[in-house]
Structure formats: structure tokens, C-alpha cells
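**Q** Here you go, one structure.
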Number of protein chains: 2
Amino acid sequence: MTTPAQPLDFYFDFASPYGYFAAMTIDELAARHGRTVAWHPMLLGAVFKTTGVSATVLRPLQGDYLRYDVVRSARYYGLPLTWPTVMPINAVAPSRAYYWTVSRDAGLARALAKALYRAHWQEGRDISGIDAVADVAAGIGIDADALRSGVQEPAVKEALRAATDAAMARGVFGSPFIFVDGEGFWGADRLVQVEGWLARGGW
Amino acid sequence: MTTPAQPLDFYFDFASPYGYFAAMTIDELAARHGRTVAWHPMLLGAVFKTTGVSATVLRPLQGDYLRYDVVRSARYYGLPLTWPTVMPINAVAPSRAYYWTVSRDAGLARALAKALYRAHWQEGRDISGIDAVADVAAGIGIDADALRSGVQEPAVKEALRAATDAAMARGVFGSPFIFVDGEGFWGADRLVQVEGWLARGGW
């Protein structure tokens with residue numbers, strides 16, 4: 001009897017464009033190697049507050065580069081991109097919506113996360129408010145009223161806090177951050193190494 | 001008559017491990033597309049001072065990750081790596097040695113830059129002092145005494161200042177930073193896109 005392969009842990013912030021790139025491909029990447037992915041939306045802002053580091057997009061020079069690199073990388077990956085009207089957003093509402101949904105239907109929560117990323121990074125919509133989140137959720141068949149009250153549940157708020165704390169405890173400081181059998185990789189550009197690690201079982 | 005292809009501009013700090021990765025492959029990468037590379041050692045510390053940003057390796061969480069990622073990436077790229085005894089070094093002396101040498105023999109200066117990177121990142125030597133730099137230079141046939149006095153020349157000091165200022169003016173905030181026909185790419189992990197840009201003439 002063999003131990004079933006562990007899922008990849010995928011930490012991300014909905015405000016992160018590189019998280020969007022990873023979100024659009026990571027399930028298929030993992031599936032090519034017989035793996036699944038556990039999605040963990042979290043709040044990078046909480047990490048920045050704890051570590052005293054500022055968001056990349058707000059750093060001098062680097063922020064300008066990020067804006068340029070994201071657009072050019074989207075074309076390179078062949079992924080649609082519309083620069084959001086508001087960026088970086090506060091991702092509390094979309095993240096809580098994910099944790100409320102996952103407690104009821106994991107597959108639907110995955111679909112919601114992807115729909116939220118598409119709304120924000122493909123359509124450029126501001127998804128920081130619960131109205132926008134509920135609208136996106138309704139678009140994939142989630143009961144918008146149930147979601148609106150669901151995100152207020154203490155257990156849902158706690159799930160997001162716990163995910164963010166767990167991420168920080170594992171050394172996550174950026175998005176996306178992917179763990180493969182305990183091995184942590186930061187950045188959409190490390191998906192090449194993630195795939196190599198899965199294919200070869202390390203190197 | 002066609003305009004000759006412009007060389008790539010390669011900005012780097014000798015203290016940067018990702019600069020080392022790029023330095024070991026960029027000439028060959030460019031040559032595959034009929035291009036040459038202009039090497040520009042510069043001082044990231046001056047950029048950090050101006051922008052108020054701290055060196056990556058000194059940031060909480062991210063610094064620990066960098067140390068791990070560098071070792072793992074070296075194995076991934078198949079490049080030797082010994083963690084330097086001192087890191088990050090102040091790269092004034094090796095950078096000035098490059099600019100003194102380039103004013104006399106461009107090919108030898110290129111060889112010196114690679115030898116300095118190997119001494120620092122393959123052998124783990126501290127190359128911040130002029131003694132270590134002169135020793136490495138002597139190893140590739142450069143007159144150590146001439147180099148020791150050469151790095152004190154005002155024109156050599158000015159060449160390094162000018163390179164650092166030019167880099168900052170072009171938006172360089174990290175190492176390596178590569179420009180292809182005005183298009184800037186940050187990071188050894190962007191060499192894949194650099195090669196794509198050369199092959200396709202953009203996208």
C-alpha cells in the first residue's frame with residue numbers, strides 16, 4: 001500500500017496578479033503529475049504589517065516595473081489581462097467568500113476563486129466589496145443572499161485569519177507561494193521548478 | 001543595409017547570486033541570437049539608499065527564502081555554488097576593477113567579471129577587498145600591482161558611479177537587470193522571456 005500523494009498547497013492573495021497567473025494553470029499542472037491542489041486565499045497585507053515590508057507594487061522603481069512586467073507576462077503566457085480600476089485591493093471579502101463556500105462545496109469554492117480572479121484581472125473589476133463578490137458568485141450559481149450573510153459568520157472570519165497565520169508560519173511573504181511536499185516556491189515564474197520537482201521528485 | 005543589432009545591456013551587482021546565475025549564461029544566450037552583451041557592474045546599495053528599500057536578503061522571511069532558493073536554483077541550473085563567507089558584500093572594489101580593466105581590454109574585463117563571480121559564488125570567497133580582487137585578477141593574467149593603483153583613478157571611480165546612476169535612471173532596482181532593445185527584464189528567472197524576446201522580436 002502506498003501513501004496517497006499529498007496535495008500541493010497554493011497560497012495567494014486575490015490582489016496579486018502573479019497569483020492570477022498561477023491560479024489559471026496550477027490545477028492542470030498538478031494533475032499532469034497525479035496531484036491535486038489545496039487553495040488557500042490569504043491576506044498579504046497582514047504579512048506586510050507583521051514584517052514591516054511594503055507591497056511590491058508600492059515600492060519605488062519596482063512598483064513601476066511590476067505594472068509593466070505583469071502586462072508583458074500576461075501576453076507571454078497568453079492570458080487575458082485588464083488592469084484593475086483599483087489595485088492593490090483589500091481582499092478580505094473575496095477571501096471570506098471563498099472560505100464560506102469551501103465549507104459547503106469545495107469544487108464550487110475552487111470555481112468561485114477562479115471566477116473572482118477572472119473578474120479582477122481579466123475584466124479589471126474591483127472585487128474588494130461584498131456586492132461585487134456576491135455578483136460574481138451569483139454568476140456561477142451561488143446564492144448571493146446566503147453568501148452575504150455567510151461571510152459574516154465567525155467561523156468564516158476565523159478561517160481566513162487561520163490561513164493567513166498558517167501562511168506566515170510557513171514563511172510565506174508573497175503571492176503566489178506553492179508548497180510541494182514541504183518544499184516552498186515563491187512566484188509564478190517558479191512554476192517551472194514546481195513542475196520539475198513533481199516530475200523528478202526533487203533534484 | 002541593415003542596422004547592426006544592439007548589444008543587450010546587462011546590469012548586475014557582484015553581491016547578487018541571481019546575477020551570478022545570469023552571468024554564467026547570458027553571453028551564450030545572446031550569441032544564439034546573433035547578439036553581444038554589454039556588461040555593467042553597479043552598486044545596488046546605492047539604489048536601495050535612494051529608494052529607501054532594503055536588500056532582499058535582509059528582509060524578514062524573504063531573506064530566508066532567498067538563501068534557500070539560491071541553493072536550490074543553483075542545483076536546478078546545474079551551477080556550482082558555495083555560500084560566501086560574507087554576504088551581501090560591498091562590491092565597490094570588484095566593480096572598479098572591472099571598469100579599470102574594460103578601459104584597457106574589454107575581453108579581459110569580461111573574463112575578470114566571470115572569474116570574480118566564480119570566486120565569490122562558486123568558491124565562497126569574500127571578494128569585497130582589493131587584495132582578493134587583485135588575486136583573482138592575477139589568476140587570469142592581469143597585472144595585480146597595476147590594478148591596485150588603477151582602481152584608485154578618478155576616471156575609474158567615476159565610471160562606476162556613472163553606471164550606477166545610469167542603471168537607476170533606467171529603472172534598475174535589482175540584479176540582474178537586462179535590457180533588450182529598450183525592454184527591461186528583472187531577474188535570472190526572466191532569462192526565459194529574454195530569450196523569447198530575442199527569438200520572436202517581442203510579443
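All residue names refer to the C-alpha cells as shown: chains lettered A, B, ... in order, residues numbered from 1 in each chain, ligands numbered from 1 in order.
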Write out as a list of chain:residue names which residues come within 9 Å of Phe179 (chain B) when counting only C-alpha atoms, dropping same-chain ones fewer than 2 positions away.

**A**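 Listing them by chain and then by number gives B:Pro7, B:Leu8, B:Asp9, B:Phe10, B:Tyr11, B:Phe177, B:Asp181, B:Gly182, B:Glu183, B:Gly184, B:Phe185, B:Trp186, B:Val194.
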
**Q** Within 12 Å of region 85-92 of chain B, which residues of region 27-76 of chain B come that close, and what is the closest atom pair and distance in Å for each? Count only C-alpha atoms and give it as JSON lines.

**A**
```
{"residue": "B:Pro41", "atom": "CA", "partner": "B:Ala91", "partner_atom": "CA", "distance": 8.8}
{"residue": "B:Met42", "atom": "CA", "partner": "B:Ala91", "partner_atom": "CA", "distance": 8.1}
{"residue": "B:Leu43", "atom": "CA", "partner": "B:Ala91", "partner_atom": "CA", "distance": 6.7}
{"residue": "B:Leu44", "atom": "CA", "partner": "B:Ala91", "partner_atom": "CA", "distance": 9.0}
{"residue": "B:Gly45", "atom": "CA", "partner": "B:Asn90", "partner_atom": "CA", "distance": 8.0}
{"residue": "B:Ala46", "atom": "CA", "partner": "B:Asn90", "partner_atom": "CA", "distance": 10.5}
{"residue": "B:Ser54", "atom": "CA", "partner": "B:Pro88", "partner_atom": "CA", "distance": 11.8}
{"residue": "B:Ala55", "atom": "CA", "partner": "B:Pro88", "partner_atom": "CA", "distance": 8.6}
{"residue": "B:Thr56", "atom": "CA", "partner": "B:Pro88", "partner_atom": "CA", "distance": 9.9}
{"residue": "B:Val57", "atom": "CA", "partner": "B:Pro88", "partner_atom": "CA", "distance": 7.8}
{"residue": "B:Leu58", "atom": "CA", "partner": "B:Pro88", "partner_atom": "CA", "distance": 8.9}
{"residue": "B:Gly63", "atom": "CA", "partner": "B:Pro88", "partner_atom": "CA", "distance": 11.2}
{"residue": "B:Leu66", "atom": "CA", "partner": "B:Pro88", "partner_atom": "CA", "distance": 12.0}
{"residue": "B:Arg67", "atom": "CA", "partner": "B:Met87", "partner_atom": "CA", "distance": 10.3}
```

**Q** Which residues of chain A have any atom within 6 Å of an atom in chain B when counting only C-alpha atoms, and what is the closest pair of atoms for each, with the distance in Å to one decimal? Order the rows by chain and rising number and write it as JSON lines.

**A**
```
{"residue": "A:Thr51", "atom": "CA", "partner": "B:Pro60", "partner_atom": "CA", "distance": 5.9}
{"residue": "A:Pro60", "atom": "CA", "partner": "B:Thr51", "partner_atom": "CA", "distance": 5.9}
{"residue": "A:Leu61", "atom": "CA", "partner": "B:Gly171", "partner_atom": "CA", "distance": 5.6}
{"residue": "A:Gly171", "atom": "CA", "partner": "B:Leu61", "partner_atom": "CA", "distance": 5.6}
```

**Q** Those residues you just picked out, can you put them in a file as a PDB file, in the first residue's frame with all heavy atoms?

**A**
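Contents of part30.pdb, freshly written:
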```pdb
ATOM      1  N   THR A  51       5.810  42.065   9.083  1.00  0.00           N
ATOM      2  CA  THR A  51       7.233  42.059   8.737  1.00  0.00           C
ATOM      3  C   THR A  51       7.780  43.458   8.465  1.00  0.00           C
ATOM      4  O   THR A  51       8.985  43.636   8.307  1.00  0.00           O
ATOM      5  CB  THR A  51       7.483  41.195   7.483  1.00  0.00           C
ATOM      6  OG1 THR A  51       6.683  41.701   6.406  1.00  0.00           O
ATOM      7  CG2 THR A  51       7.108  39.757   7.734  1.00  0.00           C
ATOM      8  N   PRO A  60       9.303  51.990  -4.707  1.00  0.00           N
ATOM      9  CA  PRO A  60       9.817  52.832  -5.792  1.00  0.00           C
ATOM     10  C   PRO A  60      10.525  51.965  -6.848  1.00  0.00           C
ATOM     11  O   PRO A  60      11.128  50.959  -6.509  1.00  0.00           O
ATOM     12  CB  PRO A  60      10.833  53.757  -5.098  1.00  0.00           C
ATOM     13  CG  PRO A  60      10.836  53.414  -3.658  1.00  0.00           C
ATOM     14  CD  PRO A  60       9.909  52.281  -3.396  1.00  0.00           C
ATOM     15  N   LEU A  61      10.439  52.377  -8.102  1.00  0.00           N
ATOM     16  CA  LEU A  61      11.016  51.666  -9.258  1.00  0.00           C
ATOM     17  C   LEU A  61      10.384  50.282  -9.436  1.00  0.00           C
ATOM     18  O   LEU A  61       9.848  49.968 -10.496  1.00  0.00           O
ATOM     19  CB  LEU A  61      12.547  51.530  -9.161  1.00  0.00           C
ATOM     20  CG  LEU A  61      13.375  52.824  -9.093  1.00  0.00           C
ATOM     21  CD1 LEU A  61      14.872  52.511  -8.998  1.00  0.00           C
ATOM     22  CD2 LEU A  61      13.125  53.731 -10.292  1.00  0.00           C
ATOM     23  N   GLY A 171       6.427  30.754   6.336  1.00  0.00           N
ATOM     24  CA  GLY A 171       7.408  31.595   5.656  1.00  0.00           C
ATOM     25  C   GLY A 171       6.894  32.303   4.411  1.00  0.00           C
ATOM     26  O   GLY A 171       7.669  32.862   3.643  1.00  0.00           O
TER      27      GLY A 171
END
```

**Q** Leaving out His40 (chain A) and any residue of its chain fewer than 4 positions from it, which residues lie within 12 Å of it when counting only C-alpha atoms, given as a ChimeraX atom specification?

**A** /A:7-14,19,23,44,94-96,98-99,102,106,109-110,113,159-167,172,175-179

**Q** Write out as a PDB file with all heavy atoms, in the first residue's frame which residues come within 12 Å of Asp131 (chain A) when counting only C-alpha atoms, dropping same-chain ones fewer than 5 positions away.

**A**
```pdb
ATOM      1  N   ALA A  93     -13.113  40.503   1.585  1.00  0.00           N
ATOM      2  CA  ALA A  93     -14.428  39.991   1.169  1.00  0.00           C
ATOM      3  C   ALA A  93     -14.326  38.789   0.222  1.00  0.00           C
ATOM      4  O   ALA A  93     -14.956  37.742   0.476  1.00  0.00           O
ATOM      5  CB  ALA A  93     -15.266  41.111   0.554  1.00  0.00           C
ATOM      6  N   PRO A  94     -13.541  38.868  -0.859  1.00  0.00           N
ATOM      7  CA  PRO A  94     -13.447  37.682  -1.730  1.00  0.00           C
ATOM      8  C   PRO A  94     -12.839  36.475  -1.020  1.00  0.00           C
ATOM      9  O   PRO A  94     -13.268  35.336  -1.260  1.00  0.00           O
ATOM     10  CB  PRO A  94     -12.569  38.156  -2.904  1.00  0.00           C
ATOM     11  CG  PRO A  94     -11.928  39.437  -2.466  1.00  0.00           C
ATOM     12  CD  PRO A  94     -12.842  40.030  -1.441  1.00  0.00           C
ATOM     13  N   ALA A  97     -15.448  34.956   1.193  1.00  0.00           N
ATOM     14  CA  ALA A  97     -16.435  34.279   0.344  1.00  0.00           C
ATOM     15  C   ALA A  97     -15.926  32.889  -0.037  1.00  0.00           C
ATOM     16  O   ALA A  97     -16.687  31.911  -0.064  1.00  0.00           O
ATOM     17  CB  ALA A  97     -16.708  35.107  -0.910  1.00  0.00           C
ATOM     18  N   ARG A 125     -12.338  44.401 -12.831  1.00  0.00           N
ATOM     19  CA  ARG A 125     -13.327  44.848 -11.840  1.00  0.00           C
ATOM     20  C   ARG A 125     -12.730  44.936 -10.443  1.00  0.00           C
ATOM     21  O   ARG A 125     -11.862  44.146 -10.063  1.00  0.00           O
ATOM     22  CB  ARG A 125     -14.517  43.878 -11.808  1.00  0.00           C
ATOM     23  CG  ARG A 125     -15.333  43.898 -13.082  1.00  0.00           C
ATOM     24  CD  ARG A 125     -16.362  42.781 -13.086  1.00  0.00           C
ATOM     25  NE  ARG A 125     -17.360  42.938 -12.011  1.00  0.00           N
ATOM     26  CZ  ARG A 125     -18.296  42.028 -11.752  1.00  0.00           C
ATOM     27  NH1 ARG A 125     -18.368  40.905 -12.469  1.00  0.00           N
ATOM     28  NH2 ARG A 125     -19.162  42.238 -10.790  1.00  0.00           N
ATOM     29  N   ASP A 126     -13.227  45.886  -9.672  1.00  0.00           N
ATOM     30  CA  ASP A 126     -12.878  45.988  -8.251  1.00  0.00           C
ATOM     31  C   ASP A 126     -13.704  44.934  -7.506  1.00  0.00           C
ATOM     32  O   ASP A 126     -14.933  45.041  -7.454  1.00  0.00           O
ATOM     33  CB  ASP A 126     -13.199  47.402  -7.745  1.00  0.00           C
ATOM     34  CG  ASP A 126     -12.944  47.559  -6.249  1.00  0.00           C
ATOM     35  OD1 ASP A 126     -12.518  46.582  -5.597  1.00  0.00           O
ATOM     36  OD2 ASP A 126     -13.185  48.665  -5.731  1.00  0.00           O
ATOM     37  N   VAL A 136     -20.334  38.137  -8.640  1.00  0.00           N
ATOM     38  CA  VAL A 136     -19.521  37.108  -9.292  1.00  0.00           C
ATOM     39  C   VAL A 136     -20.001  35.724  -8.851  1.00  0.00           C
ATOM     40  O   VAL A 136     -20.126  34.803  -9.670  1.00  0.00           O
ATOM     41  CB  VAL A 136     -18.022  37.294  -8.954  1.00  0.00           C
ATOM     42  CG1 VAL A 136     -17.197  36.107  -9.444  1.00  0.00           C
ATOM     43  CG2 VAL A 136     -17.492  38.600  -9.556  1.00  0.00           C
ATOM     44  N   ALA A 137     -20.289  35.582  -7.552  1.00  0.00           N
ATOM     45  CA  ALA A 137     -20.733  34.292  -7.009  1.00  0.00           C
ATOM     46  C   ALA A 137     -22.061  33.868  -7.638  1.00  0.00           C
ATOM     47  O   ALA A 137     -22.240  32.703  -8.019  1.00  0.00           O
ATOM     48  CB  ALA A 137     -20.865  34.384  -5.489  1.00  0.00           C
ATOM     49  N   ALA A 138     -22.968  34.831  -7.771  1.00  0.00           N
ATOM     50  CA  ALA A 138     -24.268  34.534  -8.372  1.00  0.00           C
ATOM     51  C   ALA A 138     -24.091  34.039  -9.803  1.00  0.00           C
ATOM     52  O   ALA A 138     -24.833  33.162 -10.268  1.00  0.00           O
ATOM     53  CB  ALA A 138     -25.156  35.783  -8.336  1.00  0.00           C
ATOM     54  N   ALA A 144     -26.545  34.407  -3.662  1.00  0.00           N
ATOM     55  CA  ALA A 144     -25.882  35.648  -3.265  1.00  0.00           C
ATOM     56  C   ALA A 144     -26.278  36.090  -1.856  1.00  0.00           C
ATOM     57  O   ALA A 144     -25.429  36.571  -1.089  1.00  0.00           O
ATOM     58  CB  ALA A 144     -26.190  36.757  -4.279  1.00  0.00           C
ATOM     59  N   ASP A 145     -27.557  35.914  -1.492  1.00  0.00           N
ATOM     60  CA  ASP A 145     -28.002  36.347  -0.156  1.00  0.00           C
ATOM     61  C   ASP A 145     -27.374  35.477   0.934  1.00  0.00           C
ATOM     62  O   ASP A 145     -26.946  35.982   1.976  1.00  0.00           O
ATOM     63  CB  ASP A 145     -29.527  36.303  -0.061  1.00  0.00           C
ATOM     64  CG  ASP A 145     -30.168  37.420  -0.888  1.00  0.00           C
ATOM     65  OD1 ASP A 145     -29.499  38.457  -1.090  1.00  0.00           O
ATOM     66  OD2 ASP A 145     -31.315  37.242  -1.338  1.00  0.00           O
ATOM     67  N   LEU A 147     -24.573  33.939   0.715  1.00  0.00           N
ATOM     68  CA  LEU A 147     -23.156  34.303   0.774  1.00  0.00           C
ATOM     69  C   LEU A 147     -22.948  35.580   1.574  1.00  0.00           C
ATOM     70  O   LEU A 147     -22.051  35.676   2.417  1.00  0.00           O
ATOM     71  CB  LEU A 147     -22.604  34.485  -0.642  1.00  0.00           C
ATOM     72  CG  LEU A 147     -21.132  34.920  -0.707  1.00  0.00           C
ATOM     73  CD1 LEU A 147     -20.241  33.747  -1.081  1.00  0.00           C
ATOM     74  CD2 LEU A 147     -20.913  36.053  -1.678  1.00  0.00           C
ATOM     75  N   ARG A 148     -23.832  36.573   1.338  1.00  0.00           N
ATOM     76  CA  ARG A 148     -23.711  37.849   2.057  1.00  0.00           C
ATOM     77  C   ARG A 148     -23.779  37.661   3.571  1.00  0.00           C
ATOM     78  O   ARG A 148     -23.035  38.288   4.317  1.00  0.00           O
ATOM     79  CB  ARG A 148     -24.859  38.797   1.659  1.00  0.00           C
ATOM     80  CG  ARG A 148     -24.641  39.523   0.364  1.00  0.00           C
ATOM     81  CD  ARG A 148     -25.934  40.253  -0.016  1.00  0.00           C
ATOM     82  NE  ARG A 148     -25.858  40.792  -1.362  1.00  0.00           N
ATOM     83  CZ  ARG A 148     -25.246  41.932  -1.664  1.00  0.00           C
ATOM     84  NH1 ARG A 148     -24.670  42.650  -0.729  1.00  0.00           N
ATOM     85  NH2 ARG A 148     -25.210  42.345  -2.914  1.00  0.00           N
ATOM     86  N   SER A 149     -24.656  36.793   4.026  1.00  0.00           N
ATOM     87  CA  SER A 149     -24.697  36.592   5.479  1.00  0.00           C
ATOM     88  C   SER A 149     -23.607  35.617   5.912  1.00  0.00           C
ATOM     89  O   SER A 149     -23.034  35.745   6.994  1.00  0.00           O
ATOM     90  CB  SER A 149     -26.085  36.128   5.934  1.00  0.00           C
ATOM     91  OG  SER A 149     -26.453  34.954   5.244  1.00  0.00           O
ATOM     92  N   VAL A 151     -20.506  35.304   4.914  1.00  0.00           N
ATOM     93  CA  VAL A 151     -19.176  35.890   5.137  1.00  0.00           C
ATOM     94  C   VAL A 151     -19.076  36.597   6.489  1.00  0.00           C
ATOM     95  O   VAL A 151     -17.982  36.959   6.918  1.00  0.00           O
ATOM     96  CB  VAL A 151     -18.766  36.883   4.012  1.00  0.00           C
ATOM     97  CG1 VAL A 151     -18.612  36.152   2.688  1.00  0.00           C
ATOM     98  CG2 VAL A 151     -19.750  38.039   3.896  1.00  0.00           C
TER      99      VAL A 151
END
```

**Q** For CA of Trp100 (chain B) and CA of Pro154 (chain B), quote the distance in Å rounded to one decimal.

**A**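 The value is 10.3 Å.
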
**Q** Between B:Asp135, B:Ala15, B:Arg32, B:Val70, single out the one closest to Leu112 (chain B), counting only C-alpha atoms.

**A** B:Asp135

**Q** What is the distance, in Å and to one decimal place, between CA of Trp121 (chain A) and CA of Tyr18 (chain A)?

**A**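 Taking CA of Trp121 (chain A) as the start and CA of Tyr18 (chain A) as the end point, the length is 10.1 Å.
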
**Q** In Å, rounded to a single decimal, give me how far CA of Leu191 (chain B) is from CA of Leu29 (chain B).

**A**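 CA of Leu29 (chain B) sits 8.5 Å away from CA of Leu191 (chain B).
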
**Q** Taking the chain letters and numbering used in this document, name the residues of region 26-201 of chain B that DSSP puts in strand (DSSP E or B), as a list in words.

**A**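 Filtering region 26-201 of chain B to strand (DSSP E or B) leaves Val37, Ala38, Trp39, His40, Pro41, Phe177, Ile178, Phe179, Val180, Glu183, Gly184, Phe185 and Trp186 of chain B.
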
**Q** Would you write out those residues with N, CA and C atoms, as a PDB file, in the first residue's frame?

**A**
```
ATOM      1  N   VAL B  37      26.689  41.182 -25.503  1.00  0.00           N
ATOM      2  CA  VAL B  37      26.199  41.706 -24.232  1.00  0.00           C
ATOM      3  C   VAL B  37      27.168  42.757 -23.708  1.00  0.00           C
ATOM      4  N   ALA B  38      26.644  43.922 -23.326  1.00  0.00           N
ATOM      5  CA  ALA B  38      27.451  44.936 -22.638  1.00  0.00           C
ATOM      6  C   ALA B  38      27.246  44.735 -21.139  1.00  0.00           C
ATOM      7  N   TRP B  39      28.340  44.443 -20.442  1.00  0.00           N
ATOM      8  CA  TRP B  39      28.259  44.170 -19.001  1.00  0.00           C
ATOM      9  C   TRP B  39      28.408  45.468 -18.210  1.00  0.00           C
ATOM     10  N   HIS B  40      27.552  45.657 -17.210  1.00  0.00           N
ATOM     11  CA  HIS B  40      27.578  46.879 -16.408  1.00  0.00           C
ATOM     12  C   HIS B  40      27.481  46.565 -14.913  1.00  0.00           C
ATOM     13  N   PRO B  41      28.612  46.215 -14.275  1.00  0.00           N
ATOM     14  CA  PRO B  41      28.525  46.061 -12.816  1.00  0.00           C
ATOM     15  C   PRO B  41      28.109  47.387 -12.175  1.00  0.00           C
ATOM     16  N   PHE B 177      19.531  42.761 -14.130  1.00  0.00           N
ATOM     17  CA  PHE B 177      18.531  43.524 -14.880  1.00  0.00           C
ATOM     18  C   PHE B 177      19.052  43.621 -16.308  1.00  0.00           C
ATOM     19  N   ILE B 178      18.252  43.151 -17.254  1.00  0.00           N
ATOM     20  CA  ILE B 178      18.724  43.035 -18.645  1.00  0.00           C
ATOM     21  C   ILE B 178      17.817  43.842 -19.574  1.00  0.00           C
ATOM     22  N   PHE B 179      18.426  44.656 -20.428  1.00  0.00           N
ATOM     23  CA  PHE B 179      17.659  45.405 -21.426  1.00  0.00           C
ATOM     24  C   PHE B 179      17.916  44.833 -22.815  1.00  0.00           C
ATOM     25  N   VAL B 180      16.838  44.536 -23.507  1.00  0.00           N
ATOM     26  CA  VAL B 180      16.893  44.055 -24.888  1.00  0.00           C
ATOM     27  C   VAL B 180      16.154  45.079 -25.735  1.00  0.00           C
ATOM     28  N   GLU B 183      13.811  47.096 -23.821  1.00  0.00           N
ATOM     29  CA  GLU B 183      12.855  46.336 -23.000  1.00  0.00           C
ATOM     30  C   GLU B 183      13.582  45.802 -21.776  1.00  0.00           C
ATOM     31  N   GLY B 184      13.136  46.168 -20.565  1.00  0.00           N
ATOM     32  CA  GLY B 184      13.842  45.763 -19.356  1.00  0.00           C
ATOM     33  C   GLY B 184      13.265  44.510 -18.716  1.00  0.00           C
ATOM     34  N   PHE B 185      14.137  43.608 -18.303  1.00  0.00           N
ATOM     35  CA  PHE B 185      13.723  42.361 -17.640  1.00  0.00           C
ATOM     36  C   PHE B 185      14.513  42.201 -16.359  1.00  0.00           C
ATOM     37  N   TRP B 186      13.826  41.942 -15.263  1.00  0.00           N
ATOM     38  CA  TRP B 186      14.472  41.780 -13.961  1.00  0.00           C
ATOM     39  C   TRP B 186      14.502  40.317 -13.552  1.00  0.00           C
TER      40      TRP B 186
END
```

**Q** Considering only C-alpha atoms, can you say which of A:Val156, A:Arg35, A:Gln6, A:Arg118 comes closest to Phe21 (chain A)?

**A**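 The answer is A:Arg118, which sits nearest to Phe21 (chain A).
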
**Q** Would you mind writing down, as a PyMOL selection string, each residue of region 22-162 of chain A that DSSP on the backbone assigns to alpha helix (DSSP H)?

**A** chain A and resi 22-23+26-31+44-51+62-77+92-102+106-117+130-139+144-150+154-162
